[in-house]
There are 2 protein chains.
Amino acid sequence: MKPPIRFYFDFASPYAYFASMRIEDLAREYDRPVEWCPVLVWAILKAHGIAPPMDAPVKRDYFLRDMERSARFLDVEYREPVRMPLSSHLAARLFHVLSRDHPALAIPFARSVFRAFFVEKHDIATDDVVASVAVETGIPRDVAIEGMKGQAGRDLLENAVTEAVSAGVVGSPFFVADGEGFFGADRLPQLRWHLEGKS
Amino acid sequence: MKPPIRFYFDFASPYAYFASMRIEDLAREYDRPVEWCPVLVWAILKAHGIAPPMDAPVKRDYFLRDMERSARFLDVEYREPVRMPLSSHLAARLFHVLSRDHPALAIPFARSVFRAFFVEKHDIATDDVVASVAVETGIPRDVAIEGMKGQAGRDLLENAVTEAVSAGVVGSPFFVADGEGFFGADRLPQLRWHLEGKS
(Lines give C-alpha, C1' and ligand atoms only; values in the text may rest on other atoms or scores of the structure.)
Protein backbone atom coordinates (compact mmCIF):
# COMPACT_ATOMS: atom_id res chain seq x y z
CA MET A 1 0.00 0.00 0.00
CA LYS A 2 0.99 3.59 -0.58
CA PRO A 3 1.47 6.21 2.17
CA PRO A 4 -1.55 6.76 4.43
CA ILE A 5 -4.15 9.49 4.49
CA ARG A 6 -4.37 10.88 8.00
CA PHE A 7 -7.96 11.76 8.94
CA TYR A 8 -8.19 14.20 11.85
CA PHE A 9 -11.72 14.70 13.08
CA ASP A 10 -13.92 15.63 16.00
CA PHE A 11 -16.76 13.22 16.85
CA ALA A 12 -19.02 16.27 17.34
CA SER A 13 -18.40 17.66 13.83
CA PRO A 14 -21.17 17.04 11.26
CA TYR A 15 -18.76 17.67 8.39
CA ALA A 16 -16.44 15.01 9.84
CA TYR A 17 -19.38 12.61 9.98
CA PHE A 18 -20.19 13.34 6.32
CA ALA A 19 -16.53 12.83 5.32
CA SER A 20 -16.34 9.59 7.35
CA MET A 21 -19.00 8.13 5.02
CA ARG A 22 -16.76 8.72 1.98
CA ILE A 23 -13.10 8.59 2.95
CA GLU A 24 -12.60 4.80 3.09
CA ASP A 25 -14.05 4.25 -0.39
CA LEU A 26 -12.00 7.11 -1.79
CA ALA A 27 -8.77 5.89 -0.17
CA ARG A 28 -9.34 2.31 -1.36
CA GLU A 29 -9.58 3.48 -4.97
CA TYR A 30 -6.02 4.83 -4.70
CA ASP A 31 -4.67 2.02 -2.53
CA ARG A 32 -4.16 4.24 0.51
CA PRO A 33 -4.79 3.26 4.12
CA VAL A 34 -6.68 5.75 6.30
CA GLU A 35 -5.43 6.66 9.78
CA TRP A 36 -8.42 7.81 11.81
CA CYS A 37 -7.35 10.31 14.46
CA PRO A 38 -10.07 11.79 16.67
CA VAL A 39 -9.15 15.12 18.25
CA LEU A 40 -10.91 17.93 20.07
CA VAL A 41 -11.40 20.90 17.77
CA TRP A 42 -12.09 23.25 20.66
CA ALA A 43 -8.68 22.39 22.15
CA ILE A 44 -6.90 22.81 18.80
CA LEU A 45 -8.53 26.17 18.13
CA LYS A 46 -7.72 27.31 21.68
CA ALA A 47 -4.06 26.36 21.14
CA HIS A 48 -4.05 28.49 17.97
CA GLY A 49 -6.00 31.36 19.57
CA ILE A 50 -8.96 30.92 17.20
CA ALA A 51 -12.60 31.44 18.28
CA PRO A 52 -14.97 28.44 17.83
CA PRO A 53 -16.80 28.58 14.46
CA MET A 54 -20.31 28.65 15.92
CA ASP A 55 -19.73 31.37 18.54
CA ALA A 56 -21.38 34.11 16.46
CA PRO A 57 -25.17 33.66 16.13
CA VAL A 58 -25.15 34.47 12.40
CA LYS A 59 -22.56 31.75 11.73
CA ARG A 60 -24.40 29.31 13.95
CA ASP A 61 -27.62 29.91 12.00
CA TYR A 62 -25.86 29.55 8.67
CA PHE A 63 -24.01 26.38 9.62
CA LEU A 64 -27.04 24.65 11.16
CA ARG A 65 -28.84 25.20 7.86
CA ASP A 66 -25.80 24.21 5.81
CA MET A 67 -25.31 20.98 7.80
CA GLU A 68 -28.86 19.84 7.20
CA ARG A 69 -28.71 20.80 3.52
CA SER A 70 -25.24 19.27 3.02
CA ALA A 71 -26.52 15.98 4.43
CA ARG A 72 -29.30 15.92 1.84
CA PHE A 73 -26.90 16.98 -0.91
CA LEU A 74 -24.49 14.18 0.06
CA ASP A 75 -27.33 11.72 0.66
CA VAL A 76 -26.26 11.00 4.24
CA GLU A 77 -28.78 10.29 6.97
CA TYR A 78 -28.76 13.20 9.44
CA ARG A 79 -30.84 14.67 12.23
CA GLU A 80 -29.76 17.82 14.06
CA PRO A 81 -27.95 16.74 17.24
CA VAL A 82 -29.34 17.33 20.73
CA ARG A 83 -26.76 20.07 21.21
CA MET A 84 -23.78 21.64 19.50
CA PRO A 85 -21.05 22.41 20.26
CA LEU A 86 -20.26 19.57 22.62
CA SER A 87 -17.01 18.08 23.92
CA SER A 88 -16.44 14.64 22.44
CA HIS A 89 -13.53 13.70 24.73
CA LEU A 90 -15.11 10.48 26.04
CA ALA A 91 -15.52 8.87 22.62
CA ALA A 92 -12.14 10.21 21.44
CA ARG A 93 -10.27 8.78 24.44
CA LEU A 94 -11.91 5.38 24.03
CA PHE A 95 -11.18 5.37 20.29
CA HIS A 96 -7.45 5.88 20.92
CA VAL A 97 -7.35 3.09 23.52
CA LEU A 98 -9.20 0.73 21.14
CA SER A 99 -6.90 1.72 18.32
CA ARG A 100 -3.93 0.63 20.44
CA ASP A 101 -5.41 -2.45 22.14
CA HIS A 102 -8.24 -3.73 19.88
CA PRO A 103 -7.61 -2.08 16.49
CA ALA A 104 -10.30 -4.05 14.63
CA LEU A 105 -12.97 -2.47 16.87
CA ALA A 106 -11.89 1.17 16.60
CA ILE A 107 -13.45 2.20 13.27
CA PRO A 108 -16.73 0.28 13.83
CA PHE A 109 -16.93 2.06 17.21
CA ALA A 110 -16.28 5.44 15.54
CA ARG A 111 -19.05 4.85 13.00
CA SER A 112 -21.46 3.93 15.80
CA VAL A 113 -20.58 7.08 17.74
CA PHE A 114 -21.26 9.25 14.69
CA ARG A 115 -24.57 7.45 14.17
CA ALA A 116 -25.57 7.84 17.81
CA PHE A 117 -24.96 11.60 17.70
CA PHE A 118 -26.00 12.56 14.17
CA VAL A 119 -28.86 10.15 13.52
CA GLU A 120 -30.17 8.85 16.82
CA LYS A 121 -29.88 12.17 18.70
CA HIS A 122 -28.02 10.73 21.69
CA ASP A 123 -25.81 12.93 23.87
CA ILE A 124 -22.31 11.54 23.31
CA ALA A 125 -20.88 13.73 26.08
CA THR A 126 -22.35 11.32 28.65
CA ASP A 127 -20.65 8.13 29.91
CA ASP A 128 -23.78 6.01 29.62
CA VAL A 129 -24.37 6.80 25.96
CA VAL A 130 -20.76 6.15 24.93
CA ALA A 131 -20.62 2.95 27.02
CA SER A 132 -23.84 1.69 25.38
CA VAL A 133 -22.51 2.45 21.91
CA ALA A 134 -19.31 0.60 22.80
CA VAL A 135 -21.16 -2.46 24.15
CA GLU A 136 -23.32 -2.61 21.01
CA THR A 137 -20.09 -2.56 18.96
CA GLY A 138 -18.82 -5.62 20.88
CA ILE A 139 -16.60 -3.87 23.41
CA PRO A 140 -16.85 -5.11 27.03
CA ARG A 141 -18.35 -2.46 29.29
CA ASP A 142 -15.35 -2.39 31.66
CA VAL A 143 -12.98 -1.81 28.75
CA ALA A 144 -15.21 1.06 27.61
CA ILE A 145 -15.34 2.70 31.04
CA GLU A 146 -11.60 2.35 31.55
CA GLY A 147 -10.98 3.80 28.06
CA MET A 148 -13.14 6.83 28.80
CA LYS A 149 -11.96 7.43 32.35
CA GLY A 150 -8.46 5.96 32.68
CA GLN A 151 -5.13 7.70 32.29
CA ALA A 152 -4.21 5.93 29.05
CA GLY A 153 -7.14 7.43 27.15
CA ARG A 154 -6.42 10.87 28.53
CA ASP A 155 -2.76 10.67 27.54
CA LEU A 156 -3.41 9.27 24.07
CA LEU A 157 -5.97 11.97 23.29
CA GLU A 158 -3.72 14.72 24.64
CA ASN A 159 -0.92 13.46 22.41
CA ALA A 160 -3.25 13.37 19.40
CA VAL A 161 -4.32 16.98 20.01
CA THR A 162 -0.70 18.12 20.42
CA GLU A 163 0.30 16.32 17.24
CA ALA A 164 -2.65 17.83 15.33
CA VAL A 165 -1.74 21.33 16.49
CA SER A 166 1.81 20.91 15.20
CA ALA A 167 0.54 19.34 11.96
CA GLY A 168 -1.36 22.57 11.22
CA VAL A 169 -4.87 21.18 11.66
CA VAL A 170 -7.32 24.13 11.63
CA GLY A 171 -10.68 22.38 12.00
CA SER A 172 -12.63 19.17 11.41
CA PRO A 173 -12.36 17.18 9.22
CA PHE A 174 -8.76 17.74 8.18
CA PHE A 175 -6.90 15.31 5.92
CA VAL A 176 -3.16 15.07 5.39
CA ALA A 177 -1.80 13.12 2.41
CA ASP A 178 1.86 13.31 1.39
CA GLY A 179 2.33 16.39 3.58
CA GLU A 180 -0.57 18.23 1.93
CA GLY A 181 -3.47 19.38 4.15
CA PHE A 182 -7.14 19.44 3.10
CA PHE A 183 -9.67 21.13 5.39
CA GLY A 184 -13.36 20.30 5.19
CA ALA A 185 -15.64 17.65 3.73
CA ASP A 186 -15.89 19.93 0.70
CA ARG A 187 -12.17 19.38 -0.02
CA LEU A 188 -12.68 15.65 -0.74
CA PRO A 189 -12.80 16.39 -4.51
CA GLN A 190 -9.41 18.13 -4.21
CA LEU A 191 -8.04 15.24 -2.15
CA ARG A 192 -9.17 12.85 -4.92
CA TRP A 193 -7.48 15.06 -7.52
CA HIS A 194 -4.30 15.00 -5.40
CA LEU A 195 -4.44 11.19 -5.13
CA GLU A 196 -4.80 11.02 -8.91
CA GLY A 197 -1.41 12.74 -9.05
CA LYS A 198 -2.72 15.92 -10.63
CA SER A 199 -2.09 18.45 -7.84
CA MET B 1 -36.25 35.23 -16.29
CA LYS B 2 -36.57 33.57 -12.94
CA PRO B 3 -35.66 35.21 -9.60
CA PRO B 4 -32.06 36.43 -9.32
CA ILE B 5 -29.05 34.95 -7.60
CA ARG B 6 -27.50 37.58 -5.36
CA PHE B 7 -23.71 37.35 -5.36
CA TYR B 8 -22.11 39.05 -2.35
CA PHE B 9 -18.35 39.26 -2.57
CA ASP B 10 -15.23 41.12 -1.53
CA PHE B 11 -12.83 42.16 -4.30
CA ALA B 12 -9.96 41.02 -2.05
CA SER B 13 -11.29 37.46 -1.65
CA PRO B 14 -9.62 34.78 -3.81
CA TYR B 15 -12.59 32.45 -3.36
CA ALA B 16 -14.87 35.23 -4.67
CA TYR B 17 -12.57 35.61 -7.69
CA PHE B 18 -12.78 31.86 -8.33
CA ALA B 19 -16.57 31.90 -8.01
CA SER B 20 -16.82 34.96 -10.28
CA MET B 21 -15.35 32.84 -13.10
CA ARG B 22 -18.22 30.32 -12.78
CA ILE B 23 -21.36 32.01 -11.53
CA GLU B 24 -22.57 33.64 -14.77
CA ASP B 25 -22.38 30.37 -16.74
CA LEU B 26 -24.11 28.49 -13.96
CA ALA B 27 -26.90 31.07 -13.64
CA ARG B 28 -27.45 31.18 -17.40
CA GLU B 29 -28.07 27.42 -17.47
CA TYR B 30 -31.01 27.91 -15.13
CA ASP B 31 -32.21 31.20 -16.63
CA ARG B 32 -31.32 33.25 -13.57
CA PRO B 33 -29.87 36.76 -13.57
CA VAL B 34 -26.93 37.42 -11.21
CA GLU B 35 -26.86 40.51 -8.99
CA TRP B 36 -23.24 41.31 -8.22
CA CYS B 37 -22.93 43.04 -4.85
CA PRO B 38 -19.41 43.92 -3.66
CA VAL B 39 -19.12 44.34 0.10
CA LEU B 40 -16.34 44.60 2.68
CA VAL B 41 -15.95 41.33 4.53
CA TRP B 42 -13.96 42.95 7.34
CA ALA B 43 -16.88 45.33 8.00
CA ILE B 44 -19.45 42.51 7.91
CA LEU B 45 -17.43 40.33 10.28
CA LYS B 46 -16.88 43.30 12.59
CA ALA B 47 -20.66 43.92 12.67
CA HIS B 48 -21.17 40.27 13.65
CA GLY B 49 -18.28 40.27 16.16
CA ILE B 50 -16.32 37.65 14.18
CA ALA B 51 -12.52 37.67 13.88
CA PRO B 52 -11.05 37.86 10.34
CA PRO B 53 -10.33 34.38 8.92
CA MET B 54 -6.61 34.95 8.37
CA ASP B 55 -5.79 36.46 11.79
CA ALA B 56 -4.31 33.22 13.16
CA PRO B 57 -0.96 32.30 11.52
CA VAL B 58 -1.94 28.62 11.17
CA LYS B 59 -5.12 29.54 9.26
CA ARG B 60 -3.24 32.07 7.16
CA ASP B 61 -0.70 29.41 6.17
CA TYR B 62 -3.41 26.88 5.39
CA PHE B 63 -5.52 29.29 3.33
CA LEU B 64 -2.59 30.68 1.33
CA ARG B 65 -1.78 27.12 0.32
CA ASP B 66 -5.43 26.25 -0.30
CA MET B 67 -5.98 29.34 -2.48
CA GLU B 68 -3.08 28.46 -4.75
CA ARG B 69 -4.12 24.80 -4.93
CA SER B 70 -7.82 25.63 -5.44
CA ALA B 71 -6.89 27.86 -8.39
CA ARG B 72 -5.07 24.93 -10.04
CA PHE B 73 -7.92 22.56 -9.18
CA LEU B 74 -10.46 24.96 -10.72
CA ASP B 75 -8.13 25.81 -13.63
CA VAL B 76 -8.22 29.54 -12.90
CA GLU B 77 -5.19 31.76 -13.47
CA TYR B 78 -3.87 32.95 -10.09
CA ARG B 79 -0.79 34.50 -8.53
CA GLU B 80 -0.58 35.23 -4.82
CA PRO B 81 -1.56 38.89 -4.31
CA VAL B 82 0.92 41.55 -3.16
CA ARG B 83 -0.78 41.54 0.24
CA MET B 84 -3.76 40.03 2.06
CA PRO B 85 -5.93 41.00 3.78
CA LEU B 86 -6.53 44.36 2.13
CA SER B 87 -9.49 46.76 2.14
CA SER B 88 -11.17 46.80 -1.27
CA HIS B 89 -13.39 49.82 -0.57
CA LEU B 90 -12.19 51.87 -3.58
CA ALA B 91 -13.18 49.25 -6.16
CA ALA B 92 -16.39 48.41 -4.29
CA ARG B 93 -17.54 52.05 -4.16
CA LEU B 94 -16.83 52.56 -7.85
CA PHE B 95 -18.63 49.33 -8.75
CA HIS B 96 -21.80 50.48 -6.99
CA VAL B 97 -21.71 53.88 -8.73
CA LEU B 98 -21.19 52.21 -12.12
CA SER B 99 -23.96 49.76 -11.37
CA ARG B 100 -26.33 52.70 -10.87
CA ASP B 101 -25.08 55.05 -13.60
CA HIS B 102 -23.37 52.86 -16.24
CA PRO B 103 -24.63 49.32 -15.58
CA ALA B 104 -23.09 47.79 -18.71
CA LEU B 105 -19.62 48.68 -17.41
CA ALA B 106 -19.95 47.35 -13.87
CA ILE B 107 -19.26 43.62 -14.39
CA PRO B 108 -16.45 44.15 -16.92
CA PHE B 109 -14.87 46.52 -14.37
CA ALA B 110 -15.27 43.91 -11.62
CA ARG B 111 -13.57 41.24 -13.73
CA SER B 112 -10.69 43.62 -14.45
CA VAL B 113 -10.27 44.40 -10.75
CA PHE B 114 -10.10 40.71 -9.89
CA ARG B 115 -7.55 40.19 -12.65
CA ALA B 116 -5.45 43.17 -11.52
CA PHE B 117 -5.28 41.82 -7.96
CA PHE B 118 -5.17 38.04 -8.44
CA VAL B 119 -3.20 37.73 -11.67
CA GLU B 120 -1.24 40.93 -12.26
CA LYS B 121 -0.28 41.47 -8.60
CA HIS B 122 -1.41 45.11 -8.48
CA ASP B 123 -2.37 46.75 -5.18
CA ILE B 124 -6.08 47.48 -5.56
CA ALA B 125 -6.13 49.50 -2.34
CA THR B 126 -4.50 52.40 -4.20
CA ASP B 127 -6.37 55.07 -6.22
CA ASP B 128 -3.97 54.92 -9.15
CA VAL B 129 -4.36 51.18 -9.68
CA VAL B 130 -8.16 51.23 -9.51
CA ALA B 131 -8.33 54.32 -11.75
CA SER B 132 -6.09 52.64 -14.34
CA VAL B 133 -8.20 49.47 -14.28
CA ALA B 134 -11.30 51.64 -14.76
CA VAL B 135 -9.81 53.58 -17.68
CA GLU B 136 -8.76 50.33 -19.40
CA THR B 137 -12.37 49.13 -19.01
CA GLY B 138 -13.62 52.25 -20.82
CA ILE B 139 -14.55 54.38 -17.83
CA PRO B 140 -13.50 58.06 -17.95
CA ARG B 141 -10.88 58.84 -15.32
CA ASP B 142 -12.95 61.61 -13.68
CA VAL B 143 -15.91 59.24 -13.31
CA ALA B 144 -13.59 56.68 -11.70
CA ILE B 145 -12.08 59.19 -9.24
CA GLU B 146 -15.50 60.55 -8.28
CA GLY B 147 -16.83 56.98 -7.82
CA MET B 148 -13.96 56.11 -5.49
CA LYS B 149 -13.88 59.36 -3.52
CA GLY B 150 -17.35 60.92 -3.75
CA GLN B 151 -20.21 60.63 -1.28
CA ALA B 152 -22.41 58.52 -3.58
CA GLY B 153 -19.94 55.63 -3.65
CA ARG B 154 -19.47 55.80 0.11
CA ASP B 155 -23.22 55.73 0.72
CA LEU B 156 -23.95 52.96 -1.78
CA LEU B 157 -21.22 50.72 -0.31
CA GLU B 158 -22.34 51.41 3.24
CA ASN B 159 -25.89 50.44 2.28
CA ALA B 160 -24.64 47.25 0.62
CA VAL B 161 -22.71 46.26 3.75
CA THR B 162 -25.71 46.98 5.98
CA GLU B 163 -27.96 44.95 3.70
CA ALA B 164 -25.48 42.05 3.62
CA VAL B 165 -25.26 42.01 7.43
CA SER B 166 -29.03 41.75 7.72
CA ALA B 167 -29.14 39.11 4.95
CA GLY B 168 -26.92 36.85 7.09
CA VAL B 169 -23.81 37.03 4.93
CA VAL B 170 -20.93 35.42 6.87
CA GLY B 171 -18.04 35.67 4.39
CA SER B 172 -17.08 35.91 0.72
CA PRO B 173 -18.38 34.71 -1.66
CA PHE B 174 -21.93 34.31 -0.39
CA PHE B 175 -24.84 33.53 -2.71
CA VAL B 176 -28.54 33.92 -1.97
CA ALA B 177 -31.10 32.22 -4.22
CA ASP B 178 -34.78 31.99 -3.27
CA GLY B 179 -33.93 32.93 0.32
CA GLU B 180 -31.34 30.16 0.64
CA GLY B 181 -27.73 31.16 1.47
CA PHE B 182 -24.61 29.42 0.13
CA PHE B 183 -21.22 30.35 1.59
CA GLY B 184 -18.01 29.71 -0.33
CA ALA B 185 -16.88 28.89 -3.84
CA ASP B 186 -17.08 25.25 -2.74
CA ARG B 187 -20.86 25.57 -2.36
CA LEU B 188 -21.40 26.16 -6.09
CA PRO B 189 -22.26 22.45 -6.59
CA GLN B 190 -24.96 22.79 -3.90
CA LEU B 191 -26.21 26.00 -5.52
CA ARG B 192 -26.49 24.13 -8.85
CA TRP B 193 -28.37 21.32 -7.10
CA HIS B 194 -30.72 23.92 -5.60
CA LEU B 195 -31.30 25.53 -9.01
CA GLU B 196 -32.14 22.09 -10.39
CA GLY B 197 -34.97 22.04 -7.85
CA LYS B 198 -33.55 19.18 -5.83
CA SER B 199 -32.78 20.91 -2.52
# chains A, B, ... in the order shown; residues from 1 in each chain; ligands from 1
$ interface_residues --of "chain A" --to "chain B" --cutoff "9 Å" --atoms "only C-alpha atoms" --output "VMD selection string"
chain A and resid 48 to 51 55 to 59 61 to 62 65 to 66 69 to 70 72 to 73 168 to 170 181 to 183 186 to 187 190 193 198 to 199
$ residues_around --residues "B:Phe174" --least-positions-apart "6" --cutoff "12 Å" --atoms "only C-alpha atoms" --output "count of residues only"
35
$ atom_distance --atom1 "atom CA of A:Arg83" --atom2 "atom CA of A:Val97"
25.9 Å
$ residues_around --residues "B:Leu90" --least-positions-apart "2" --cutoff "12 Å" --atoms "only C-alpha atoms" --output "ChimeraX atom specification"
/B:10-12,38-40,86-88,92-97,110,113,123-131,133-134,144-150,153-154,156-157
$ atom_distance --atom1 "atom CA of B:Gly138" --atom2 "atom CA of B:Pro108"
9.4 Å
$ select_by_dssp --residues "stretch 31-164 of chain A" --states "strand (DSSP E or B)" --output "list in words"
Val34, Glu35, Trp36, Cys37 and Pro38 of chain A
$ residues_around --residues "B:Arg28" --least-positions-apart "3" --cutoff "12 Å" --atoms "only C-alpha atoms" --output "list in words"
Met1, Lys2, Pro4, Ile5, Arg22, Ile23, Glu24, Asp25, Asp31, Arg32, Pro33, Val34, Arg192 and Leu195 of chain B
